[in-house]
Amino acid sequence: MRKFHMALLAAIIATPIALTAGPSFAKDTGAKDTSIDPASPVGKMLSKLEAEGYKITDTANTMLGRTKIEASKDIQQREIVMNPETGEILRDRVQQDSDFDNDTDGAGSDD
């Protein structure tokens, strides 16, 4: 029984350490990520977004091997999930900043 408790304790301690030991992706520091090949599908997408005026705020690899790119421009937040090998866009979501109001009088709308 004691061996079971020791193994359980070791697993409890090791799990958070193992989860934090994975790849880390820092938020935008102003430095360009040089590990992404500009000729790759991901590199081409990053260049396209920057040409459209977006600021890349985060890039990450998902658990399914996809690449997630987060970018912002003015009041828009954009998230793209793509296959890094083929360049296929699996999701492209654009969200307006939540406190942006299209009404010029500030009264809101009852629609």
# chains A, B, ... in the order shown; residues from 1 in each chain; ligands from 1
$ residues_around --residues "Asn83 (chain A)" --least-positions-apart "2" --cutoff "12 Å" --atoms "only C-alpha atoms" --output "JSON, numbers by chain"
{"A": [40, 41, 42, 45, 61, 62, 64, 65, 66, 67, 68, 69, 80, 81, 85, 86, 87, 88, 89, 90, 91]}
$ write_last_selection --atoms "N, CA and C atoms" --output "PDB file, in the first residue's frame"
ATOM      1  N   SER A  40       7.310  29.009 -45.918  1.00  0.00           N
ATOM      2  CA  SER A  40       6.343  27.999 -45.492  1.00  0.00           C
ATOM      3  C   SER A  40       4.931  28.574 -45.530  1.00  0.00           C
ATOM      4  N   PRO A  41       3.913  27.715 -45.518  1.00  0.00           N
ATOM      5  CA  PRO A  41       2.544  28.226 -45.492  1.00  0.00           C
ATOM      6  C   PRO A  41       2.274  29.163 -44.309  1.00  0.00           C
ATOM      7  N   VAL A  42       2.824  28.840 -43.147  1.00  0.00           N
ATOM      8  CA  VAL A  42       2.627  29.701 -41.973  1.00  0.00           C
ATOM      9  C   VAL A  42       3.343  31.035 -42.185  1.00  0.00           C
ATOM     10  N   MET A  45       1.354  33.166 -44.480  1.00  0.00           N
ATOM     11  CA  MET A  45       0.161  33.718 -43.830  1.00  0.00           C
ATOM     12  C   MET A  45       0.545  34.883 -42.921  1.00  0.00           C
ATOM     13  N   ASN A  61       1.401  26.144 -31.617  1.00  0.00           N
ATOM     14  CA  ASN A  61       1.044  24.858 -32.197  1.00  0.00           C
ATOM     15  C   ASN A  61      -0.015  24.236 -31.303  1.00  0.00           C
ATOM     16  N   THR A  62      -1.075  23.710 -31.918  1.00  0.00           N
ATOM     17  CA  THR A  62      -2.135  23.083 -31.142  1.00  0.00           C
ATOM     18  C   THR A  62      -1.770  21.629 -30.861  1.00  0.00           C
ATOM     19  N   LEU A  64      -3.295  19.161 -31.896  1.00  0.00           N
ATOM     20  CA  LEU A  64      -3.562  18.375 -33.104  1.00  0.00           C
ATOM     21  C   LEU A  64      -2.552  18.657 -34.210  1.00  0.00           C
ATOM     22  N   GLY A  65      -1.502  19.423 -33.910  1.00  0.00           N
ATOM     23  CA  GLY A  65      -0.460  19.701 -34.885  1.00  0.00           C
ATOM     24  C   GLY A  65      -0.777  20.849 -35.825  1.00  0.00           C
ATOM     25  N   ARG A  66      -1.788  21.598 -35.510  1.00  0.00           N
ATOM     26  CA  ARG A  66      -2.142  22.759 -36.326  1.00  0.00           C
ATOM     27  C   ARG A  66      -1.434  23.987 -35.784  1.00  0.00           C
ATOM     28  N   THR A  67      -1.454  25.060 -36.566  1.00  0.00           N
ATOM     29  CA  THR A  67      -0.861  26.315 -36.119  1.00  0.00           C
ATOM     30  C   THR A  67      -1.974  27.314 -35.894  1.00  0.00           C
ATOM     31  N   LYS A  68      -1.957  27.950 -34.723  1.00  0.00           N
ATOM     32  CA  LYS A  68      -2.940  28.986 -34.397  1.00  0.00           C
ATOM     33  C   LYS A  68      -2.223  30.324 -34.398  1.00  0.00           C
ATOM     34  N   ILE A  69      -2.756  31.271 -35.160  1.00  0.00           N
ATOM     35  CA  ILE A  69      -2.187  32.615 -35.257  1.00  0.00           C
ATOM     36  C   ILE A  69      -3.216  33.590 -34.708  1.00  0.00           C
ATOM     37  N   ILE A  80      -6.641  32.619 -36.583  1.00  0.00           N
ATOM     38  CA  ILE A  80      -6.585  31.709 -37.725  1.00  0.00           C
ATOM     39  C   ILE A  80      -5.967  30.405 -37.258  1.00  0.00           C
ATOM     40  N   VAL A  81      -6.622  29.300 -37.590  1.00  0.00           N
ATOM     41  CA  VAL A  81      -6.072  27.976 -37.344  1.00  0.00           C
ATOM     42  C   VAL A  81      -5.858  27.345 -38.708  1.00  0.00           C
ATOM     43  N   GLU A  85       1.384  22.300 -42.864  1.00  0.00           N
ATOM     44  CA  GLU A  85       2.008  21.607 -43.995  1.00  0.00           C
ATOM     45  C   GLU A  85       1.378  22.009 -45.324  1.00  0.00           C
ATOM     46  N   THR A  86       0.036  22.064 -45.351  1.00  0.00           N
ATOM     47  CA  THR A  86      -0.664  22.315 -46.614  1.00  0.00           C
ATOM     48  C   THR A  86      -1.095  23.769 -46.769  1.00  0.00           C
ATOM     49  N   GLY A  87      -1.184  24.493 -45.658  1.00  0.00           N
ATOM     50  CA  GLY A  87      -1.655  25.872 -45.709  1.00  0.00           C
ATOM     51  C   GLY A  87      -3.170  25.989 -45.667  1.00  0.00           C
ATOM     52  N   GLU A  88      -3.869  24.858 -45.547  1.00  0.00           N
ATOM     53  CA  GLU A  88      -5.332  24.882 -45.500  1.00  0.00           C
ATOM     54  C   GLU A  88      -5.805  25.648 -44.260  1.00  0.00           C
ATOM     55  N   ILE A  89      -6.701  26.617 -44.491  1.00  0.00           N
ATOM     56  CA  ILE A  89      -7.276  27.385 -43.388  1.00  0.00           C
ATOM     57  C   ILE A  89      -8.427  26.578 -42.808  1.00  0.00           C
ATOM     58  N   LEU A  90      -8.313  26.215 -41.545  1.00  0.00           N
ATOM     59  CA  LEU A  90      -9.341  25.416 -40.889  1.00  0.00           C
ATOM     60  C   LEU A  90     -10.344  26.298 -40.148  1.00  0.00           C
ATOM     61  N   ARG A  91      -9.884  27.464 -39.708  1.00  0.00           N
ATOM     62  CA  ARG A  91     -10.780  28.431 -39.066  1.00  0.00           C
ATOM     63  C   ARG A  91     -10.175  29.812 -39.226  1.00  0.00           C
TER      64      ARG A  91
END
$ residues_around --residues "Glu52 (chain A)" --least-positions-apart "6" --cutoff "12 Å" --atoms "only C-alpha atoms" --output "list in words"
Met45, Leu46, Ala71, Ser72, Lys73, Asp74 and Arg78 of chain A
$ write_last_selection --atoms "N, CA and C atoms" --output "compact mmCIF listing (two decimals), in the first residue's frame"
# COMPACT_ATOMS: atom_id res chain seq x y z
N MET A 45 1.35 33.17 -44.48
CA MET A 45 0.16 33.72 -43.83
C MET A 45 0.54 34.88 -42.92
N LEU A 46 1.63 34.76 -42.19
CA LEU A 46 2.08 35.85 -41.32
C LEU A 46 2.40 37.09 -42.15
N ALA A 71 -3.94 37.70 -34.21
CA ALA A 71 -3.49 39.00 -34.71
C ALA A 71 -4.54 40.05 -34.37
N SER A 72 -4.12 41.30 -34.36
CA SER A 72 -5.07 42.38 -34.07
C SER A 72 -4.80 43.55 -35.01
N LYS A 73 -5.90 44.28 -35.29
CA LYS A 73 -5.82 45.47 -36.13
C LYS A 73 -6.98 46.36 -35.72
N ASP A 74 -6.66 47.59 -35.32
CA ASP A 74 -7.69 48.54 -34.89
C ASP A 74 -8.55 47.89 -33.80
N ARG A 78 -8.26 38.76 -34.57
CA ARG A 78 -8.40 37.70 -35.57
C ARG A 78 -7.65 36.46 -35.10
$ atom_distance --atom1 "CA of Ala39 (chain A)" --atom2 "CA of Gln77 (chain A)"
24.9 Å
